[in-house]
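Asks: Okay, so here is my_file-v9.cif, and as you'll see once you scroll down, it has mmCIF, C-alpha atoms.
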data_input
loop_
_atom_site.label_atom_id
_atom_site.label_comp_id
_atom_site.auth_asym_id
_atom_site.auth_seq_id
_atom_site.Cartn_x
_atom_site.Cartn_y
_atom_site.Cartn_z
CA LEU A 1381 47.63 -7.44 -38.08
CA LEU A 1382 46.02 -4.98 -35.71
CA PHE A 1383 42.95 -4.91 -37.94
CA VAL A 1384 42.71 -8.70 -37.95
CA LEU A 1385 43.08 -8.90 -34.15
CA GLY A 1386 40.44 -6.24 -33.75
CA THR A 1387 38.07 -8.18 -35.94
CA VAL A 1388 38.65 -11.43 -34.02
CA SER A 1389 38.16 -9.82 -30.61
CA CYS A 1390 35.00 -8.08 -31.82
CA THR A 1391 33.62 -11.39 -33.08
CA LEU A 1392 34.38 -13.06 -29.75
CA PHE A 1393 32.70 -10.23 -27.90
CA LEU A 1394 29.55 -10.63 -29.96
CA ALA A 1395 29.58 -14.40 -29.48
CA VAL A 1396 29.88 -14.12 -25.71
CA ASN A 1397 27.03 -11.66 -25.47
CA SER A 1398 24.60 -13.43 -27.78
CA LEU A 1399 24.50 -17.22 -27.59
CA TYR A 1400 21.34 -17.28 -29.72
CA SER A 1401 20.17 -15.21 -32.68
CA ALA A 1402 16.95 -14.64 -34.58
CA SER A 1403 18.00 -17.22 -37.17
CA ASP A 1404 17.94 -20.02 -34.58
CA ASP A 1405 14.86 -22.05 -33.70
CA VAL A 1406 15.49 -21.17 -30.04
CA ILE A 1407 13.05 -18.45 -28.96
CA GLU A 1408 14.71 -15.66 -26.95
CA LEU A 1409 12.59 -14.91 -23.87
CA THR A 1410 12.58 -11.74 -21.75
CA PRO A 1411 10.43 -10.33 -18.92
CA THR A 1412 8.48 -8.50 -21.65
CA ASN A 1413 7.40 -11.54 -23.65
CA PHE A 1414 7.68 -14.42 -21.13
CA ASN A 1415 4.10 -14.20 -19.86
CA LYS A 1416 2.54 -14.12 -23.30
CA GLU A 1417 4.86 -16.66 -24.96
CA VAL A 1418 5.19 -19.23 -22.16
CA ILE A 1419 2.69 -18.76 -19.33
CA GLN A 1420 -0.38 -18.13 -21.49
CA SER A 1421 0.61 -20.76 -24.02
CA GLU A 1422 -1.07 -24.16 -24.41
CA SER A 1423 2.24 -25.57 -25.67
CA LEU A 1424 4.85 -27.52 -23.75
CA TRP A 1425 7.98 -25.43 -23.28
CA LEU A 1426 11.61 -26.23 -22.50
CA VAL A 1427 13.37 -23.10 -21.26
CA GLU A 1428 17.08 -22.70 -20.63
CA PHE A 1429 18.19 -20.00 -18.19
CA TYR A 1430 21.77 -19.11 -19.09
CA ALA A 1431 24.57 -16.58 -18.64
CA PRO A 1432 26.60 -15.64 -21.76
CA TRP A 1433 29.92 -15.90 -19.89
CA CYS A 1434 29.17 -19.40 -18.56
CA GLY A 1435 31.35 -22.10 -20.14
CA HIS A 1436 28.77 -24.88 -19.60
CA CYS A 1437 26.13 -22.70 -21.29
CA GLN A 1438 28.41 -22.10 -24.26
CA ARG A 1439 28.98 -25.86 -24.62
CA LEU A 1440 25.22 -26.52 -24.37
CA THR A 1441 24.32 -23.92 -27.04
CA PRO A 1442 24.82 -26.06 -30.21
CA GLU A 1443 22.97 -29.00 -28.63
CA TRP A 1444 20.12 -26.73 -27.52
CA LYS A 1445 19.85 -25.32 -31.06
CA LYS A 1446 19.78 -28.83 -32.58
CA ALA A 1447 17.06 -29.91 -30.12
CA ALA A 1448 15.02 -26.77 -30.93
CA THR A 1449 15.19 -27.51 -34.66
CA ALA A 1450 14.22 -31.15 -34.15
CA LEU A 1451 11.27 -30.21 -31.92
CA LYS A 1452 10.04 -27.31 -34.08
CA GLY A 1453 6.25 -27.33 -34.32
CA VAL A 1454 6.03 -29.99 -31.61
CA VAL A 1455 7.55 -28.51 -28.44
CA LYS A 1456 8.63 -24.89 -27.93
CA VAL A 1457 12.28 -24.37 -26.95
CA GLY A 1458 13.33 -21.07 -25.41
CA ALA A 1459 16.24 -19.37 -23.67
CA VAL A 1460 16.50 -16.60 -21.08
CA ASP A 1461 19.66 -14.55 -20.55
CA ALA A 1462 19.29 -14.74 -16.76
CA ASP A 1463 22.42 -12.66 -16.27
CA LYS A 1464 20.74 -9.77 -18.07
CA HIS A 1465 17.23 -10.54 -16.78
CA GLN A 1466 17.96 -11.45 -13.17
CA SER A 1467 14.40 -10.84 -11.97
CA LEU A 1468 13.10 -13.53 -14.33
CA GLY A 1469 15.77 -15.98 -13.23
CA GLY A 1470 15.13 -15.17 -9.57
CA GLN A 1471 11.41 -15.72 -10.03
CA TYR A 1472 12.09 -19.33 -10.97
CA GLY A 1473 14.73 -19.97 -8.33
CA VAL A 1474 17.67 -20.06 -10.75
CA ARG A 1475 20.88 -20.39 -8.71
CA GLY A 1476 23.33 -21.68 -11.32
CA PHE A 1477 23.81 -21.87 -15.10
CA PRO A 1478 22.54 -23.42 -17.22
CA THR A 1479 19.22 -24.26 -15.52
CA ILE A 1480 16.58 -25.95 -17.69
CA LYS A 1481 12.89 -25.89 -16.78
CA ILE A 1482 9.98 -27.75 -18.33
CA PHE A 1483 6.71 -25.79 -18.44
CA GLY A 1484 3.90 -28.31 -18.92
CA ALA A 1485 0.15 -28.24 -18.35
CA ASN A 1486 0.42 -26.23 -15.14
CA LYS A 1487 2.64 -23.33 -16.07
CA ASN A 1488 2.80 -22.23 -12.44
CA LYS A 1489 4.67 -25.41 -11.48
CA ALA A 1490 7.67 -25.71 -13.77
CA GLU A 1491 9.72 -28.90 -13.41
CA ASP A 1492 13.51 -29.02 -13.30
CA TYR A 1493 15.16 -30.88 -16.19
CA GLN A 1494 17.81 -33.21 -14.76
CA GLY A 1495 18.78 -35.11 -17.92
CA GLY A 1496 21.84 -35.09 -20.15
CA ARG A 1497 23.13 -32.09 -22.07
CA THR A 1498 23.03 -33.66 -25.53
CA SER A 1499 20.38 -32.89 -28.15
CA ASP A 1500 19.24 -36.55 -28.09
CA ALA A 1501 18.70 -36.48 -24.30
CA ILE A 1502 16.88 -33.14 -24.48
CA VAL A 1503 14.57 -34.35 -27.26
CA ASP A 1504 13.80 -37.60 -25.39
CA ALA A 1505 12.88 -35.65 -22.22
CA ALA A 1506 10.71 -33.25 -24.22
CA LEU A 1507 8.79 -36.08 -25.93
CA SER A 1508 8.35 -37.91 -22.61
CA ALA A 1509 6.92 -34.75 -20.99
CA LEU A 1510 4.70 -34.19 -24.03
CA ARG A 1511 3.38 -37.77 -23.85
CA SER A 1512 2.50 -37.27 -20.15
CA LEU A 1513 0.72 -34.00 -20.90
CA VAL A 1514 -1.36 -35.54 -23.71
CA LYS A 1515 -2.28 -38.63 -21.62
CA ASP A 1516 -3.34 -36.38 -18.73
CA ARG A 1517 -5.61 -34.44 -21.08
CA LEU A 1518 -7.01 -37.69 -22.46
CA SER A 1519 -7.85 -38.97 -18.98
CA GLY A 1520 -9.37 -35.63 -18.00
CA ARG A 1521 -6.86 -34.97 -15.22
CA SER A 1522 -5.77 -31.70 -16.74
CA GLY A 1523 -7.26 -29.45 -19.33
CA GLY A 1524 -4.04 -27.58 -19.81
CA TYR A 1525 -3.41 -24.01 -18.78
CA SER A 1526 -6.40 -21.88 -19.65
CA SER A 1527 -5.31 -18.34 -18.94
CA GLY A 1528 -2.43 -16.30 -17.66
CA LYS A 1529 -4.91 -14.40 -15.48
CA GLN A 1530 -5.59 -17.34 -13.20
CA SER A 1531 -7.62 -16.38 -10.15
CA ARG A 1532 -6.04 -16.38 -6.71
CA GLU A 1533 -9.11 -18.27 -5.57
CA SER A 1534 -8.03 -21.33 -7.55
CA GLY A 1535 -5.36 -22.88 -5.40
CA GLY A 1536 -4.54 -24.05 -1.86
CA GLY A 1537 -5.52 -22.42 1.35
CA ASP A 1538 -8.54 -20.53 2.59
CA LYS A 1539 -7.90 -16.89 1.78
CA LYS A 1540 -10.79 -15.48 3.81
CA ASP A 1541 -8.42 -13.45 6.02
CA VAL A 1542 -6.23 -12.08 3.21
CA ILE A 1543 -7.55 -8.60 2.36
CA GLU A 1544 -7.53 -7.88 -1.39
CA LEU A 1545 -6.52 -4.26 -2.05
CA THR A 1546 -6.81 -2.15 -5.21
CA ASP A 1547 -5.66 1.22 -6.51
CA ASP A 1548 -8.98 2.63 -5.24
CA SER A 1549 -9.12 0.99 -1.81
CA PHE A 1550 -5.45 1.03 -0.79
CA ASP A 1551 -5.04 4.50 0.72
CA LYS A 1552 -8.22 4.58 2.80
CA ASN A 1553 -7.48 1.13 4.22
CA VAL A 1554 -3.72 1.25 4.72
CA ILE A 1555 -2.16 4.70 4.75
CA ASN A 1556 -4.09 6.24 7.65
CA SER A 1557 -4.62 3.01 9.55
CA ASP A 1558 -3.44 2.59 13.13
CA ASP A 1559 -2.90 -1.10 12.33
CA VAL A 1560 0.21 -2.64 10.79
CA TRP A 1561 -0.20 -3.94 7.22
CA MET A 1562 1.88 -6.59 5.48
CA VAL A 1563 1.05 -6.32 1.77
CA GLU A 1564 2.01 -8.85 -0.89
CA PHE A 1565 2.26 -7.52 -4.45
CA TYR A 1566 1.75 -10.47 -6.80
CA ALA A 1567 1.19 -11.43 -10.41
CA PRO A 1568 -1.32 -14.20 -11.15
CA TRP A 1569 1.11 -15.94 -13.55
CA CYS A 1570 4.04 -15.92 -11.10
CA GLY A 1571 5.12 -19.35 -9.87
CA HIS A 1572 6.66 -18.07 -6.64
CA CYS A 1573 3.44 -16.19 -5.88
CA LYS A 1574 1.48 -19.42 -6.26
CA ASN A 1575 3.87 -21.18 -3.89
CA LEU A 1576 3.50 -18.37 -1.35
CA GLU A 1577 -0.29 -18.24 -1.64
CA PRO A 1578 -1.28 -21.02 0.84
CA GLU A 1579 1.40 -19.91 3.33
CA TRP A 1580 0.19 -16.29 3.15
CA ALA A 1581 -3.42 -17.40 3.62
CA ALA A 1582 -2.63 -19.61 6.63
CA ALA A 1583 -0.48 -16.87 8.18
CA ALA A 1584 -3.25 -14.30 7.68
CA THR A 1585 -5.68 -16.34 9.77
CA GLU A 1586 -3.16 -17.01 12.54
CA VAL A 1587 -1.97 -13.39 12.67
CA LYS A 1588 -5.55 -12.10 12.80
CA GLU A 1589 -6.27 -14.30 15.81
CA GLN A 1590 -3.02 -13.65 17.68
CA THR A 1591 -2.98 -9.87 17.18
CA LYS A 1592 -6.78 -9.42 17.40
CA GLY A 1593 -6.69 -7.86 13.94
CA LYS A 1594 -4.00 -5.31 14.76
CA VAL A 1595 -1.68 -6.73 12.08
CA LYS A 1596 -3.34 -7.33 8.71
CA LEU A 1597 -2.15 -9.38 5.74
CA ALA A 1598 -3.22 -8.14 2.33
CA ALA A 1599 -2.59 -8.77 -1.35
CA VAL A 1600 -2.44 -6.56 -4.45
CA ASP A 1601 -2.59 -7.89 -8.00
CA ALA A 1602 0.16 -5.67 -9.38
CA THR A 1603 -0.71 -6.54 -13.00
CA VAL A 1604 -4.14 -4.94 -12.54
CA ASN A 1605 -3.34 -2.22 -9.99
CA GLN A 1606 -0.44 -0.67 -11.83
CA MET A 1607 -0.64 2.70 -10.06
CA LEU A 1608 0.26 1.01 -6.78
CA ALA A 1609 2.94 -1.13 -8.39
CA SER A 1610 4.49 1.99 -9.89
CA ARG A 1611 4.18 4.06 -6.70
CA TYR A 1612 6.04 1.46 -4.65
CA GLY A 1613 8.58 0.51 -7.31
CA ILE A 1614 7.52 -3.12 -7.64
CA ARG A 1615 10.02 -4.84 -9.96
CA GLY A 1616 9.58 -8.54 -9.16
CA PHE A 1617 6.99 -10.88 -7.72
CA PRO A 1618 6.11 -11.53 -5.05
CA THR A 1619 7.23 -8.36 -3.26
CA ILE A 1620 6.07 -7.92 0.34
CA LYS A 1621 6.05 -4.50 1.99
CA ILE A 1622 5.29 -3.49 5.57
CA PHE A 1623 3.23 -0.34 6.18
CA GLN A 1624 3.06 1.39 9.57
CA LYS A 1625 1.38 4.71 10.27
CA GLY A 1626 3.72 7.66 9.95
CA GLU A 1627 6.60 5.60 8.52
CA ASP A 1628 7.87 4.86 5.04
CA PRO A 1629 7.08 1.32 3.89
CA VAL A 1630 9.88 -1.21 4.27
CA ASP A 1631 10.53 -4.45 2.39
CA TYR A 1632 9.90 -7.75 4.14
CA ASP A 1633 12.87 -9.94 3.31
CA GLY A 1634 12.21 -12.86 5.66
CA GLY A 1635 11.26 -16.46 4.92
CA ARG A 1636 8.21 -17.40 2.91
CA THR A 1637 6.72 -20.03 5.23
CA ARG A 1638 3.67 -19.52 7.43
CA SER A 1639 5.82 -19.65 10.59
CA ASP A 1640 8.32 -17.07 9.23
CA ILE A 1641 5.54 -14.68 8.28
CA VAL A 1642 3.69 -15.12 11.59
CA ALA A 1643 6.90 -14.58 13.60
CA ARG A 1644 7.57 -11.26 11.83
CA ALA A 1645 3.94 -10.17 12.22
CA LEU A 1646 4.05 -10.85 15.96
CA ASP A 1647 7.30 -8.87 16.23
CA LEU A 1648 5.61 -5.96 14.49
CA PHE A 1649 2.61 -6.32 16.78
CA SER A 1650 4.64 -6.32 19.98
CA ASP A 1651 6.76 -3.37 18.76
CA ASN A 1652 3.58 -1.34 18.35
CA ALA A 1653 1.56 -2.74 21.22
CA PRO A 1654 1.11 -0.82 24.47
CA PRO A 1655 2.65 -2.47 27.55
CA PRO A 1656 0.43 -5.11 29.14
CA GLU A 1657 -1.98 -4.10 31.87
CA LEU A 1658 -0.86 -4.44 35.47
CA LEU A 1659 -3.86 -5.94 37.28
CA GLU A 1660 -4.61 -6.33 40.96
CA ILE A 1661 -5.75 -9.84 41.94
CA ILE A 1662 -9.20 -8.97 43.23
CA SER A 1663 -10.90 -12.20 42.11
CA GLU A 1664 -10.25 -15.70 40.86
CA ASP A 1665 -11.26 -14.63 37.36
CA VAL A 1666 -8.49 -12.00 37.18
CA LEU A 1667 -5.82 -14.53 38.13
CA LYS A 1668 -7.04 -17.36 35.89
CA SER A 1669 -7.83 -15.31 32.80
CA THR A 1670 -4.43 -13.61 32.95
CA CYS A 1671 -2.33 -16.69 33.70
CA ASP A 1672 -4.20 -18.95 31.27
CA ALA A 1673 -3.83 -16.48 28.41
CA HIS A 1674 -0.07 -15.94 28.70
CA GLN A 1675 3.03 -18.10 28.66
CA LEU A 1676 4.06 -16.65 32.03
CA CYS A 1677 2.27 -14.49 34.55
CA ILE A 1678 4.44 -12.33 36.78
CA ILE A 1679 2.86 -12.05 40.24
CA SER A 1680 4.08 -9.53 42.81
CA VAL A 1681 3.06 -9.53 46.46
CA LEU A 1682 3.51 -5.99 47.78
CA PRO A 1683 3.73 -4.94 51.44
CA HIS A 1684 0.58 -4.01 53.31
CA ILE A 1685 -0.57 -0.46 52.62
CA LEU A 1686 0.03 0.48 56.25
CA ASP A 1687 3.69 -0.43 55.83
CA THR A 1688 4.35 1.65 52.72
CA GLY A 1689 1.57 4.18 52.26
CA ALA A 1690 0.36 5.14 48.80
CA SER A 1691 3.67 6.64 47.66
CA GLY A 1692 5.65 3.53 48.61
CA ARG A 1693 3.18 1.22 46.88
CA ASN A 1694 3.14 3.36 43.75
CA SER A 1695 6.94 3.24 43.57
CA TYR A 1696 6.77 -0.58 43.53
CA LEU A 1697 4.01 -0.50 40.89
CA ASP A 1698 6.12 1.88 38.78
CA VAL A 1699 8.99 -0.62 38.82
CA MET A 1700 6.61 -3.34 37.63
CA LEU A 1701 5.20 -1.12 34.88
CA LYS A 1702 8.71 -0.34 33.61
CA MET A 1703 9.52 -4.03 33.51
CA ALA A 1704 6.24 -4.81 31.76
CA GLU A 1705 7.18 -2.24 29.09
CA LYS A 1706 10.71 -3.62 28.78
CA TYR A 1707 9.49 -7.20 28.34
CA LYS A 1708 6.29 -6.47 26.42
CA LYS A 1709 7.49 -8.51 23.42
CA LYS A 1710 7.29 -11.58 25.64
CA MET A 1711 3.56 -10.96 25.98
CA TRP A 1712 3.48 -12.03 29.63
CA GLY A 1713 0.70 -11.26 32.09
CA TRP A 1714 1.37 -8.95 35.06
CA LEU A 1715 -0.45 -9.15 38.42
CA TRP A 1716 -0.08 -7.91 41.97
CA THR A 1717 -1.70 -8.37 45.33
CA GLU A 1718 -1.27 -7.03 48.85
CA ALA A 1719 0.49 -9.11 51.50
CA GLY A 1720 -2.05 -11.19 53.38
CA ALA A 1721 -4.90 -10.62 50.93
CA GLN A 1722 -4.29 -13.95 49.17
CA SER A 1723 -2.38 -15.93 51.79
CA ASP A 1724 -3.18 -19.30 50.19
CA LEU A 1725 -1.68 -18.10 46.90
CA GLU A 1726 1.41 -16.85 48.73
CA SER A 1727 1.88 -20.23 50.39
CA SER A 1728 1.51 -22.11 47.09
CA LEU A 1729 4.27 -19.92 45.63
CA GLY A 1730 6.60 -20.29 48.57
CA ILE A 1731 6.25 -16.67 49.64
CA GLY A 1732 4.08 -17.05 52.73
CA GLY A 1733 4.10 -14.37 55.37
CA PHE A 1734 7.43 -12.60 55.13
CA GLY A 1735 9.96 -10.89 52.87
CA TYR A 1736 7.78 -8.36 51.04
CA PRO A 1737 7.80 -7.24 48.30
CA ALA A 1738 8.12 -10.60 46.58
CA MET A 1739 7.76 -11.76 42.96
CA ALA A 1740 7.02 -15.10 41.30
CA ALA A 1741 6.88 -16.00 37.60
CA VAL A 1742 4.28 -18.71 37.03
CA ASN A 1743 3.78 -21.03 34.06
CA ALA A 1744 0.10 -21.93 34.48
CA ARG A 1745 0.23 -24.71 31.87
CA LYS A 1746 3.00 -26.57 33.69
CA MET A 1747 2.01 -25.26 37.14
CA LYS A 1748 5.61 -24.34 37.88
CA PHE A 1749 7.03 -21.12 39.26
CA ALA A 1750 10.33 -19.32 39.84
CA LEU A 1751 10.96 -16.86 42.66
CA LEU A 1752 12.79 -13.55 42.53
CA LYS A 1753 15.87 -14.01 44.70
CA GLY A 1754 17.42 -10.58 44.12
CA SER A 1755 16.19 -7.13 45.01
CA PHE A 1756 12.74 -5.85 44.03
CA SER A 1757 14.26 -3.17 41.80
CA GLU A 1758 14.61 -2.55 38.07
CA GLN A 1759 18.05 -4.14 38.10
CA GLY A 1760 17.07 -7.11 40.28
CA ILE A 1761 13.86 -7.88 38.40
CA ASN A 1762 15.56 -7.39 35.03
CA GLU A 1763 18.20 -9.99 35.91
CA PHE A 1764 15.49 -12.38 37.13
CA LEU A 1765 13.36 -12.02 33.98
CA ARG A 1766 16.35 -12.11 31.64
CA GLU A 1767 17.39 -15.47 33.11
CA LEU A 1768 13.85 -16.78 32.72
CA SER A 1769 13.60 -15.60 29.11
CA VAL A 1770 16.62 -17.69 28.11
CA GLY A 1771 15.38 -20.74 29.98
CA ARG A 1772 17.57 -20.46 33.06
CA GLY A 1773 16.64 -20.16 36.71
CA SER A 1774 15.38 -22.74 39.19
CA THR A 1775 11.69 -23.65 39.20
CA ALA A 1776 9.41 -25.48 41.61
CA PRO A 1777 5.90 -26.94 41.30
CA VAL A 1778 3.02 -24.76 42.48
CA GLY A 1779 1.91 -26.04 45.90
CA GLY A 1780 -0.97 -28.48 45.52
CA GLY A 1781 -0.46 -28.66 41.73
CA ALA A 1782 -3.05 -25.95 41.05
CA PHE A 1783 -3.88 -22.40 42.01
CA PRO A 1784 -5.59 -22.28 45.41
CA LYS A 1785 -8.88 -20.55 46.10
CA ILE A 1786 -8.67 -16.83 45.42
CA HIS A 1787 -10.62 -14.51 47.69
CA SER A 1788 -12.62 -11.67 46.21
CA VAL A 1789 -11.36 -8.39 47.64
CA GLU A 1790 -12.04 -4.72 47.12
CA PRO A 1791 -9.54 -3.09 44.74
CA TRP A 1792 -7.05 -0.66 46.21
CA ASP A 1793 -8.48 2.87 46.16
CA GLY A 1794 -5.10 4.48 45.63
CA LYS A 1795 -5.05 6.05 49.10
CA ASP A 1796 -2.95 5.62 52.19
CA GLY A 1797 -4.24 2.93 54.51
CA GLU A 1798 -6.09 3.71 57.72
CA LEU A 1799 -5.88 1.80 60.98
CA PRO A 1800 -9.15 0.08 61.86
CA VAL A 1801 -11.34 2.08 64.22
CA GLU A 1802 -11.41 0.44 67.65
CA ASP A 1803 -14.05 0.84 70.33
CA ASP A 1804 -13.06 3.26 73.09
CA ILE A 1805 -12.28 1.49 76.39
CA ASP A 1806 -12.92 3.30 79.66
CA LEU A 1807 -10.03 2.52 81.98
CA SER A 1808 -11.11 4.86 84.79
CA ASP A 1809 -12.58 2.09 86.92
CA VAL A 1810 -9.67 -0.32 86.52
CA ASP A 1811 -7.31 -0.52 89.47
CA LEU A 1812 -3.99 -1.45 87.95
CA ASP A 1813 -2.56 -2.12 91.40
CA ASP A 1814 -4.84 -5.18 91.73
CA TRP A 1815 -3.24 -6.88 88.67
CA ASP A 1816 -0.92 -9.80 89.31
CA LYS A 1817 2.51 -8.49 88.45
CA ASP A 1818 3.34 -11.88 86.88
CA GLU A 1819 0.73 -11.24 84.24
CA LEU A 1820 2.34 -8.01 83.14
#
Here is the file; what I need is its structure written in the form of structure tokens.
Replies:
Amino acid sequence: LLFVLGTVSCTLFLAVNSLYSASDDVIELTPTNFNKEVIQSESLWLVEFYAPWCGHCQRLTPEWKKAATALKGVVKVGAVDADKHQSLGGQYGVRGFPTIKIFGANKNKAEDYQGGRTSDAIVDAALSALRSLVKDRLSGRSGGYSSGKQSRESGGGDKKDVIELTDDSFDKNVINSDDVWMVEFYAPWCGHCKNLEPEWAAAATEVKEQTKGKVKLAAVDATVNQMLASRYGIRGFPTIKIFQKGEDPVDYDGGRTRSDIVARALDLFSDNAPPPELLEIISEDVLKSTCDAHQLCIISVLPHILDTGASGRNSYLDVMLKMAEKYKKKMWGWLWTEAGAQSDLESSLGIGGFGYPAMAAVNARKMKFALLKGSFSEQGINEFLRELSVGRGSTAPVGGGAFPKIHSVEPWDGKDGELPVEDDIDLSDVDLDDWDKDEL
């Protein structure tokens, strides 16, 4: 009895772990043979992605075998153990079992099979797909898939800003670069890589413009440049890695859309960027170029140099520099002027003549501003900017609806101020006793 039970359990074990065998007309597919058998094939393929333990897969197995036998020599029928070969299943977006895909003329765009699970339904779907493929060829719309080594130049998007890297060019371009590199490792036959391609290309152009080339998007054909693929442990496609000078590469695991990629690139840029410059408003050009180029420009009006001296002014500037560093990811512009130097600007921002130092955050596109109500200190400014960054805080329109005329002034020389030199007045001949006491 024990022997019989052992035999039965062993048989069950083998059945669960091998839904198909070499004697079937179903072709077992693995990461090793998938490219050659399916992707580079001119044939139409139906491929089942299954898990041996899955009840629905076990019930489909005899129907799948019958369909494969019926379609032999007409349509190829294959199966992937996606539980064992998870990278292959993941590459084609397999989330449940069984998943059936139809690989037609364009092997990079497999279609989902949504039909019934009987051999009749499977055969009907296969013949329908085959008819479409043949009619497309007849009309010249598709010549079928020509090669598994399809060029990246052959689909969607202008890739002019994606930098192609090789085993030979990688180190000199990336490893010692001061720039940040986002590198996609791809395979030309990989469907997910093809889907990513136009998004990667569009993101590359936008990132180049927004970071002035400080973050670069690149691509490596890992099937050709196998030294790189091996060095960085590339197991599936596409794999995206981030390289920064002096740090180990890290995997990018964000979204695959242009906006997702751009958002991460800008984060990387701001993390590595120096704090923005703190500029004195010495001309109209300084104000306009700064405020037009940034979402917000933070304008401080500092007390007159005679009221603070150089040390007092520098302490205020230090506070601004610390805040510019703290909020550098916001990519705001930072400006300052001396009280009275730009009185029209002060009036338009509701500062006007008192209460220095003062600070206003201006949105030049909307011509609206918010005023610092708290103290001109790290804590006070931080609270003010934190409220602004989450969309809170009261705003008002800039007086007159536009920036007023900005006067050109000499930049501060970094020194203490000096009182203006006045002409000496000789009082020796003035008889103070003759003055009307009411005038005193």
Asks: Can you tell me, as a VMD selection string, what residues are no more than 12 Å from Asn1415 (chain A) when counting all atoms listed in the file, ignoring any on the same chain fewer than 6 positions away?
Replies: chain A and resid 1409 1421 1468 1483 1487 to 1488 1527 to 1529 1567 to 1571 1603
Asks: Please determine, counting all atoms listed in the file, which residue among A:Ala1462, A:Ala1719, A:Ala1581, A:Ile1761 has the shortest atom-to-atom distance to Arg1475 (chain A).
Replies: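 Of the candidates, the smallest distance to Arg1475 (chain A) is held by A:Ala1462.
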Asks: Output the residue selection produced by the PyMOL selection byres ((chain A and resi 1660-1672) around 10) on the file above, formatted as number ranges by chain.
Replies: A: 1657-1659, 1673-1681, 1712-1718, 1721-1722, 1742-1745, 1783-1792
Asks: Please, which residues in region 1412-1482 of chain A fall within 12 Å of region 1492-1497 of chain A when counting all atoms listed in the file, and what is the closest atom pair and distance in Å to one decimal for each, ordered by chain then residue number, as a Markdown table?
Replies:
| residue | atom | partner | partner_atom | distance |
| --- | --- | --- | --- | --- |
| A:Trp1425 | CA | A:Tyr1493 | CA | 11.5 |
| A:Leu1426 | CA | A:Tyr1493 | CA | 8.6 |
| A:Val1427 | CA | A:Tyr1493 | CA | 9.5 |
| A:Glu1428 | CA | A:Tyr1493 | CA | 9.5 |
| A:Phe1429 | CA | A:Asp1492 | CA | 11.3 |
| A:His1436 | CA | A:Arg1497 | CA | 9.5 |
| A:Cys1437 | CA | A:Arg1497 | CA | 9.9 |
| A:Gln1438 | CA | A:Arg1497 | CA | 11.5 |
| A:Arg1439 | CA | A:Arg1497 | CA | 8.9 |
| A:Leu1440 | CA | A:Arg1497 | CA | 6.4 |
| A:Thr1441 | CA | A:Arg1497 | CA | 9.6 |
| A:Pro1442 | CA | A:Arg1497 | CA | 10.3 |
| A:Glu1443 | CA | A:Arg1497 | CA | 7.3 |
| A:Trp1444 | CA | A:Arg1497 | CA | 8.2 |
| A:Lys1445 | CA | A:Arg1497 | CA | 11.7 |
| A:Lys1446 | CA | A:Arg1497 | CA | 11.5 |
| A:Ala1447 | CA | A:Arg1497 | CA | 10.3 |
| A:Tyr1472 | CA | A:Asp1492 | CA | 10.1 |
| A:Gly1473 | CA | A:Asp1492 | CA | 10.4 |
| A:Val1474 | CA | A:Asp1492 | CA | 10.2 |
| A:Pro1478 | CA | A:Arg1497 | CA | 10.0 |
| A:Thr1479 | CA | A:Asp1492 | CA | 7.8 |
| A:Ile1480 | CA | A:Tyr1493 | CA | 5.3 |
| A:Lys1481 | CA | A:Asp1492 | CA | 4.7 |
| A:Ile1482 | CA | A:Asp1492 | CA | 6.3 |
Asks: Quick one: apply the PyMOL selection byres ((chain A and resi 1758) around 8) to the file and drop the selected residues here as a list in words.
Replies: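 This file, filtered by the PyMOL selection byres ((chain A and resi 1758) around 8), leaves Val1699, Lys1702, Met1703, Phe1756, Ser1757, Gln1759, Gly1760, Ile1761 and Asn1762 of chain A.
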Asks: In Å, rounded to a single decimal, give me how far CA of Ser1769 (chain A) is from CA of Ser1723 (chain A).
Replies: 27.7 Å
Asks: Which residue gives the smallest distance to Tyr1632 (chain A) among A:Asp1601, A:Glu1417, A:Glu1564, A:Asp1504, with only C-alpha atoms counted?
Replies: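 Of A:Asp1601, A:Glu1417, A:Glu1564, A:Asp1504, the one nearest Tyr1632 (chain A), counting only C-alpha atoms, is A:Glu1564.
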Asks: Quick one: pull the distance between CA of Ala1583 (chain A) and CA of Ser1639 (chain A), Å, one decimal.
Replies: 7.3 Å
Asks: Using the chain letters and numbering of this document, enumerate as a compact mmCIF listing (two decimals) with C-alpha atoms, in the coordinates of the input the residues selected by the PyMOL selection byres ((chain A and resi 1608-1611) around 10).
Replies:
# COMPACT_ATOMS: atom_id res chain seq x y z
CA LEU A 1545 -6.52 -4.26 -2.05
CA THR A 1546 -6.81 -2.15 -5.21
CA ASP A 1547 -5.66 1.22 -6.51
CA ASP A 1548 -8.98 2.63 -5.24
CA PHE A 1550 -5.45 1.03 -0.79
CA ASP A 1551 -5.04 4.50 0.72
CA PHE A 1565 2.26 -7.52 -4.45
CA TYR A 1566 1.75 -10.47 -6.80
CA VAL A 1600 -2.44 -6.56 -4.45
CA ASP A 1601 -2.59 -7.89 -8.00
CA ALA A 1602 0.16 -5.67 -9.38
CA THR A 1603 -0.71 -6.54 -13.00
CA VAL A 1604 -4.14 -4.94 -12.54
CA ASN A 1605 -3.34 -2.22 -9.99
CA GLN A 1606 -0.44 -0.67 -11.83
CA MET A 1607 -0.64 2.70 -10.06
CA TYR A 1612 6.04 1.46 -4.65
CA GLY A 1613 8.58 0.51 -7.31
CA ILE A 1614 7.52 -3.12 -7.64
CA ARG A 1615 10.02 -4.84 -9.96
CA GLY A 1616 9.58 -8.54 -9.16
CA THR A 1619 7.23 -8.36 -3.26
